[in-house]
>>> print(open('run.cif').read())   # mmCIF, C-alpha atoms
data_final
#
loop_
_atom_site.label_atom_id
_atom_site.label_comp_id
_atom_site.auth_asym_id
_atom_site.auth_seq_id
_atom_site.Cartn_x
_atom_site.Cartn_y
_atom_site.Cartn_z
CA MET A 1 -87.69 134.31 25.02
CA ILE A 2 -87.62 131.58 27.76
CA PHE A 3 -85.48 132.23 30.86
CA GLY A 4 -83.50 134.72 28.86
CA LEU A 5 -82.90 132.28 26.00
CA ASP A 6 -84.28 132.57 22.54
CA ILE A 7 -86.73 129.91 21.46
CA THR A 8 -84.23 127.96 19.29
CA THR A 9 -81.63 127.71 22.08
CA ALA A 10 -84.25 126.80 24.69
CA LEU A 11 -85.56 124.04 22.44
CA ALA A 12 -82.08 122.63 21.95
CA VAL A 13 -81.45 122.61 25.71
CA ARG A 14 -84.75 120.84 26.29
CA ILE A 15 -83.86 118.12 23.76
CA VAL A 16 -80.47 117.55 25.39
CA ILE A 17 -82.05 117.24 28.85
CA SER A 18 -84.67 114.80 27.56
CA LEU A 19 -82.04 112.60 25.93
CA PHE A 20 -79.97 112.61 29.14
CA LEU A 21 -82.94 111.59 31.28
CA ALA A 22 -83.89 108.86 28.81
CA GLY A 23 -80.35 107.46 28.92
CA VAL A 24 -80.37 107.41 32.71
CA GLY A 25 -83.69 105.56 32.66
CA VAL A 26 -82.35 102.90 30.31
CA ILE A 27 -79.28 102.35 32.49
CA VAL A 28 -81.37 102.00 35.65
CA PHE A 29 -83.77 99.59 33.93
CA PHE A 30 -81.07 97.22 32.71
CA SER A 31 -79.15 97.36 35.98
CA ARG A 32 -82.29 96.29 37.83
CA GLN A 33 -82.84 93.45 35.35
CA GLN A 34 -79.35 92.12 36.02
CA GLN A 35 -79.62 92.31 39.81
CA PRO A 36 -80.75 89.06 41.51
CA GLN A 37 -83.86 89.19 43.62
CA ASN A 38 -83.53 89.54 47.38
CA GLY A 39 -79.90 90.59 47.02
CA ALA A 40 -78.62 87.04 46.36
CA PRO A 41 -75.53 86.76 44.14
CA ALA A 42 -76.24 85.97 40.51
CA GLN A 43 -74.06 82.86 40.61
CA ALA A 44 -76.00 81.54 43.58
CA GLN A 45 -79.26 81.96 41.67
CA ALA A 46 -77.79 80.15 38.68
CA LYS A 47 -76.64 77.31 40.90
CA SER A 48 -80.09 77.11 42.50
CA ALA A 49 -81.67 76.94 39.05
CA ARG A 50 -79.37 74.08 38.06
CA ARG A 51 -80.25 72.15 41.19
CA THR A 52 -83.98 72.72 40.66
CA LYS A 53 -83.70 71.53 37.07
CA SER A 54 -81.70 68.47 38.13
CA LYS A 55 -84.25 67.50 40.80
CA SER A 56 -87.11 68.02 38.38
CA SER A 57 -85.50 65.85 35.69
CA LYS A 58 -84.79 63.07 38.18
CA SER A 59 -88.32 63.04 39.54
CA SER A 60 -89.92 63.07 36.11
CA GLY A 61 -87.67 60.38 34.60
CA ALA A 62 -87.67 57.86 37.43
CA ARG A 63 -87.87 54.20 36.42
CA GLY A 64 -88.37 52.80 39.90
CA GLU A 65 -88.16 53.41 43.59
CA ASP A 66 -84.35 53.41 43.70
CA ASP A 67 -83.67 55.50 40.60
CA SER A 68 -82.89 58.48 42.82
CA ASP A 69 -80.17 56.36 44.43
CA PHE A 70 -78.48 55.54 41.14
CA SER A 71 -79.27 57.23 37.86
CA ASP A 72 -77.69 57.13 34.43
CA GLU A 73 -77.64 60.92 34.49
CA PRO A 74 -74.06 62.20 35.00
CA THR A 75 -73.44 64.39 38.01
CA ASN A 76 -72.58 68.00 37.16
CA PRO A 77 -69.31 68.62 39.05
CA LEU A 78 -70.16 72.32 39.34
CA ASP A 79 -73.44 71.75 41.17
CA ASN A 80 -71.60 71.22 44.46
CA GLU A 81 -69.46 74.33 44.27
CA ASP A 82 -69.74 77.00 46.93
CA GLU A 83 -68.29 80.35 45.96
CA ASP A 84 -66.90 81.04 49.42
CA GLU A 85 -64.95 77.77 49.57
CA GLU A 86 -61.28 77.43 48.77
CA ASP A 87 -60.34 76.18 45.31
CA PRO A 88 -59.17 72.55 45.77
CA GLY A 89 -56.82 72.90 42.81
CA ALA A 90 -55.03 75.76 44.50
CA ALA A 91 -54.71 73.67 47.66
CA LEU A 92 -53.12 70.83 45.70
CA GLU A 93 -50.55 73.20 44.25
CA ARG A 94 -49.42 73.94 47.79
CA LEU A 95 -48.69 70.28 48.52
CA PRO A 96 -45.00 69.36 48.76
CA ARG A 97 -43.59 68.23 45.42
CA ILE A 98 -41.57 65.04 44.97
CA LYS A 99 -39.67 63.66 42.01
CA LEU A 100 -41.67 61.31 39.79
CA ASN A 101 -40.65 57.68 40.26
CA HIS A 102 -40.76 56.54 36.64
CA THR A 103 -38.99 53.73 34.81
CA TYR A 104 -38.06 54.55 31.22
CA LEU A 105 -38.18 51.58 28.86
CA ASP A 106 -36.75 51.19 25.38
CA SER A 107 -39.16 50.68 22.48
CA ASP A 108 -38.65 46.92 22.24
CA GLU A 109 -39.36 46.42 25.96
CA MET A 110 -42.43 48.65 25.81
CA CYS A 111 -43.81 46.70 22.87
CA ARG A 112 -43.11 43.40 24.59
CA ARG A 113 -44.80 44.44 27.83
CA ALA A 114 -47.81 45.96 26.08
CA ARG A 115 -48.35 42.83 24.00
CA GLU A 116 -47.85 40.53 26.97
CA PHE A 117 -50.35 42.50 29.04
CA TYR A 118 -52.88 42.48 26.21
CA ASP A 119 -52.52 38.73 25.71
CA ASN A 120 -53.18 38.22 29.42
CA MET A 121 -56.17 40.57 29.58
CA ASN A 122 -57.65 39.11 26.41
CA LYS A 123 -58.19 35.89 28.39
CA ARG A 124 -60.47 37.73 30.83
CA ARG A 125 -64.03 36.46 30.71
CA THR A 126 -67.19 37.05 32.67
CA VAL A 127 -67.92 34.03 34.87
CA ARG A 128 -71.11 33.11 36.71
CA SER A 129 -70.04 29.76 38.13
CA PHE A 130 -67.71 29.93 41.12
CA SER A 131 -65.74 27.44 43.16
CA LYS A 132 -66.05 27.67 46.93
CA ARG A 133 -62.29 27.31 47.21
CA PRO A 134 -60.99 29.93 49.70
CA VAL A 135 -59.11 32.99 48.47
CA PRO A 136 -56.51 34.63 50.75
CA LEU A 137 -57.85 37.92 52.12
CA GLU A 138 -54.48 39.52 51.36
CA VAL A 139 -55.14 39.02 47.66
CA VAL A 140 -58.48 40.83 47.92
CA GLU A 141 -56.90 43.65 49.91
CA ASN A 142 -54.24 44.21 47.27
CA ILE A 143 -56.85 44.12 44.50
CA VAL A 144 -58.74 46.93 46.26
CA ARG A 145 -55.46 48.79 46.77
CA VAL A 146 -54.97 48.72 42.99
CA ALA A 147 -58.43 50.25 42.52
CA GLY A 148 -57.43 52.94 45.00
CA THR A 149 -54.57 54.07 42.73
CA ALA A 150 -57.03 55.36 40.12
CA PRO A 151 -57.10 59.06 39.21
CA SER A 152 -60.01 61.15 40.51
CA GLY A 153 -61.39 64.67 40.26
CA ALA A 154 -59.27 66.98 42.49
CA HIS A 155 -57.84 63.80 44.07
CA THR A 156 -61.02 63.30 46.12
CA GLU A 157 -60.93 59.50 45.67
CA PRO A 158 -64.73 59.18 45.72
CA TRP A 159 -65.11 55.42 46.10
CA THR A 160 -65.77 52.82 48.77
CA TYR A 161 -65.43 49.05 48.27
CA VAL A 162 -67.40 46.93 50.72
CA VAL A 163 -66.04 43.37 50.83
CA VAL A 164 -68.54 40.78 52.07
CA ALA A 165 -67.17 37.45 53.28
CA ASP A 166 -69.75 36.51 55.91
CA PRO A 167 -71.97 33.67 54.58
CA GLU A 168 -75.12 34.98 56.23
CA MET A 169 -74.65 38.45 54.78
CA LYS A 170 -73.93 37.01 51.34
CA ALA A 171 -77.24 35.14 51.61
CA GLN A 172 -79.02 38.40 52.45
CA VAL A 173 -77.39 40.11 49.47
CA ARG A 174 -78.58 37.29 47.21
CA GLN A 175 -82.11 37.55 48.59
CA ILE A 176 -82.26 41.30 47.94
CA VAL A 177 -80.82 41.01 44.44
CA GLU A 178 -82.93 38.06 43.30
CA ARG A 179 -86.12 39.67 44.61
CA GLU A 180 -85.53 42.77 42.50
CA GLU A 181 -84.06 40.91 39.52
CA GLU A 182 -87.17 38.74 39.22
CA VAL A 183 -89.24 41.90 38.87
CA ASN A 184 -86.66 43.37 36.49
CA TYR A 185 -86.83 40.39 34.14
CA ASP A 186 -90.60 40.20 34.41
CA ARG A 187 -91.53 43.88 33.97
CA ARG A 188 -88.77 46.50 34.03
CA MET A 189 -86.24 45.37 31.45
CA GLY A 190 -88.43 44.94 28.39
CA ASN A 191 -88.59 42.08 25.88
CA VAL A 192 -85.60 43.15 23.78
CA TRP A 193 -83.31 43.43 26.79
CA VAL A 194 -84.43 40.07 28.20
CA LYS A 195 -83.85 38.37 24.82
CA ASP A 196 -80.37 39.91 24.50
CA VAL A 197 -79.20 38.64 27.89
CA ALA A 198 -80.90 35.29 27.31
CA LEU A 199 -78.30 34.65 24.59
CA LEU A 200 -75.70 34.68 27.37
CA GLY A 201 -77.71 32.27 29.52
CA THR A 202 -78.56 34.72 32.33
CA ASP A 203 -81.73 35.09 34.38
CA PHE A 204 -82.76 36.43 37.77
CA SER A 205 -81.28 33.50 39.71
CA LYS A 206 -77.87 34.39 41.23
CA PRO A 207 -76.54 31.37 43.18
CA TYR A 208 -72.98 32.60 42.63
CA LEU A 209 -73.62 35.38 45.15
CA GLU A 210 -73.32 32.71 47.85
CA ASP A 211 -70.80 30.44 46.12
CA ALA A 212 -68.10 33.07 45.56
CA PRO A 213 -65.76 33.51 48.55
CA TYR A 214 -66.15 37.29 48.44
CA LEU A 215 -68.57 39.90 47.15
CA ILE A 216 -67.28 43.39 46.41
CA ILE A 217 -69.90 46.13 46.27
CA ALA A 218 -68.61 49.35 44.70
CA PHE A 219 -69.97 52.64 46.04
CA GLU A 220 -69.64 56.12 44.55
CA GLN A 221 -69.10 58.80 47.19
CA THR A 222 -71.05 61.86 46.07
CA SER A 223 -69.42 63.88 48.86
CA GLY A 224 -67.16 63.37 51.86
CA ILE A 225 -66.32 64.80 55.27
CA LYS A 226 -63.31 67.00 56.00
CA PRO A 227 -61.25 66.56 59.20
CA ASP A 228 -63.05 69.59 60.64
CA GLY A 229 -66.43 67.95 60.03
CA LYS A 230 -67.42 70.14 57.08
CA LYS A 231 -68.69 68.77 53.78
CA LYS A 232 -66.01 67.82 51.27
CA HIS A 233 -67.06 68.24 47.66
CA HIS A 234 -66.33 65.44 45.21
CA TYR A 235 -65.89 66.31 41.54
CA TYR A 236 -66.67 63.92 38.67
CA SER A 237 -67.39 61.27 41.29
CA ARG A 238 -69.30 58.97 38.91
CA LEU A 239 -66.53 59.01 36.30
CA SER A 240 -63.79 58.66 38.92
CA ALA A 241 -65.48 55.66 40.54
CA ALA A 242 -66.00 54.05 37.12
CA ILE A 243 -62.29 54.39 36.30
CA SER A 244 -61.42 52.88 39.68
CA THR A 245 -63.66 49.85 39.16
CA GLY A 246 -62.10 49.32 35.74
CA MET A 247 -58.74 49.01 37.45
CA LEU A 248 -60.35 46.72 40.03
CA LEU A 249 -61.52 44.37 37.25
CA THR A 250 -58.05 44.36 35.74
CA ALA A 251 -56.47 43.53 39.11
CA ILE A 252 -58.94 40.69 39.72
CA HIS A 253 -57.96 39.03 36.46
CA TYR A 254 -54.25 39.70 36.93
CA ALA A 255 -54.42 37.98 40.34
CA GLY A 256 -55.83 34.82 38.72
CA LEU A 257 -59.44 35.26 39.84
CA VAL A 258 -62.72 35.74 37.97
CA THR A 259 -65.82 37.88 38.41
CA VAL A 260 -69.06 39.07 36.83
CA THR A 261 -70.11 42.73 36.73
CA SER A 262 -73.59 42.59 38.24
CA THR A 263 -75.80 45.68 38.07
CA PRO A 264 -79.13 44.73 39.71
CA LEU A 265 -81.67 47.46 39.03
CA ASN A 266 -83.55 48.81 42.05
CA ALA A 267 -81.53 46.80 44.59
CA TYR A 268 -78.93 49.46 45.35
CA GLY A 269 -80.84 51.24 48.10
CA ALA A 270 -81.53 48.02 50.01
CA LEU A 271 -77.89 46.96 49.63
CA ARG A 272 -76.72 50.30 51.01
CA ASP A 273 -78.99 49.87 54.03
CA LEU A 274 -77.85 46.28 54.61
CA LEU A 275 -74.18 47.29 54.44
CA GLU A 276 -74.80 50.37 56.62
CA ARG A 277 -73.36 52.90 54.23
CA PRO A 278 -74.22 56.63 54.49
CA ALA A 279 -76.68 58.42 52.21
CA THR A 280 -73.77 60.15 50.45
CA GLU A 281 -72.67 56.80 49.00
CA LYS A 282 -74.41 55.19 46.01
CA ALA A 283 -73.89 51.54 45.14
CA PHE A 284 -73.43 50.98 41.42
CA LEU A 285 -71.68 47.64 40.90
CA LEU A 286 -71.69 44.22 42.54
CA LEU A 287 -68.76 41.87 41.87
CA PRO A 288 -68.50 38.32 43.22
CA ILE A 289 -64.86 37.20 43.05
CA GLY A 290 -63.13 33.85 43.37
CA TYR A 291 -61.93 30.89 41.33
CA PRO A 292 -64.06 29.50 38.50
CA SER A 293 -65.72 26.15 39.15
CA GLU A 294 -64.11 23.18 37.41
CA ASP A 295 -67.01 22.76 34.97
CA THR A 296 -67.23 26.47 34.05
CA THR A 297 -68.09 27.28 30.45
CA VAL A 298 -68.37 30.70 28.81
CA PRO A 299 -70.07 31.92 25.60
CA ASP A 300 -67.91 31.71 22.49
CA LEU A 301 -67.70 35.47 21.99
CA VAL A 302 -65.51 37.44 19.59
CA ARG A 303 -64.26 40.88 20.59
CA LYS A 304 -64.22 43.83 18.22
CA PRO A 305 -61.01 44.21 16.18
CA LEU A 306 -58.73 47.18 16.76
CA ASP A 307 -60.03 49.01 13.70
CA ASP A 308 -63.50 49.10 15.24
CA ILE A 309 -62.43 50.62 18.56
CA MET A 310 -59.45 52.86 17.67
CA VAL A 311 -59.35 55.90 15.38
CA LEU A 312 -55.93 57.35 14.50
CA LYS A 313 -55.81 60.94 13.24
#
>>> encode(input="run.cif", output="structure tokens")
Amino acid sequence: MIFGLDITTALAVRIVISLFLAGVGVIVFFSRQQQPQNGAPAQAQAKSARRTKSKSSKSSGARGEDDSDFSDEPTNPLDNEDEDEEDPGAALERLPRIKLNHTYLDSDEMCRRAREFYDNMNKRRTVRSFSKRPVPLEVVENIVRVAGTAPSGAHTEPWTYVVVADPEMKAQVRQIVEREEEVNYDRRMGNVWVKDVALLGTDFSKPYLEDAPYLIIAFEQTSGIKPDGKKKHHYYSRLSAAISTGMLLTAIHYAGLVTVTSTPLNAYGALRDLLERPATEKAFLLLPIGYPSEDTTVPDLVRKPLDDIMVLK
């Protein structure tokens, strides 16, 4: 007898108590494993881990001194989220609603317009020889306005277009770009890349940066500033800015002007400093715009047919 219980009953009670204590121990162990250290929220730790991984990958994969300023790595739109901030989507839903201003076209008119627009855009070519003939500033302003109509993540409109008309500043831009491009062609780009662009007749010399009436430098805004001075998060800023510049290119051609999409490696940081843009803005495209020179020629290229670029399911 143990505490008035026979041996069989006492043994059964002891087994039940042991199993109970073991279960409690397992629960405590796993609850501690799931708790973040130092009392920080689990989501905050996950976000910190993402940022650490992102910084590590950037530092290990750098190609040059300005790779941190512009990288081919897409920005994770969730990396900038703060859990205590208001959901921007919910804020948009509270905006006043207006009726969509849309013009409905019949099938024949739609087909006509689509074909007409394609025929016009199919004449667009990259040009590296510019006339110094002046272009009205109003035309440039409306071209940039078109780019500003592009869609963007949470309607943050994460782009800035710096228009350079001053001859001295255009000369400085050319100096910065050619200095880096000479190194690019000599060491950074590799033989295959250099041979590929040589077929198009390009090299590090960029006289058109001074000949064109205007230079447009496109900047991606990685974040912004709210009216109260707090940081404004930008979502999918790289993709949004790319869509906007696509519309900019379309507007340039539609207005009767030409351009070349210049992407000078390792010159973006110096261009940002010259143009006095904040650290939250990253230059990613340089576009001289104007009229083509009278003797302009272009490579006899053939574009891919529709079957190569469209898949219908």
>>> closest_residue(input="run.cif", among="A:Lys132, A:Arg272, A:His233, A:His253", to="Pro207 in chain A", atoms="all atoms listed in the file")
A:Lys132
>>> atom_distance(input="run.cif", atom1="CA of Thr245 in chain A", atom2="CA of Tyr161 in chain A")
9.3 Å
>>> closest_residue(input="run.cif", among="A:Thr160, A:Ser152, A:Ser240, A:Asn266", to="Glu281 in chain A", atoms="all atoms listed in the file")
A:Thr160
>>> atom_distance(input="run.cif", atom1="CA of Gly290 in chain A", atom2="CA of Gln172 in chain A")
18.9 Å
>>> resolve_selection(input="run.cif", expression="the PyMOL selection byres ((chain A and resi 285) around 9)", output="PyMOL selection string")
chain A and resi 216-219+245+261-264+268+283-284+286-287
>>> residues_around(input="run.cif", residues="Asp166 in chain A", least_positions_apart="4", cutoff="9 Å", atoms="all atoms listed in the file", output="NGL selection string")
:A and (170-171 or 213-214)
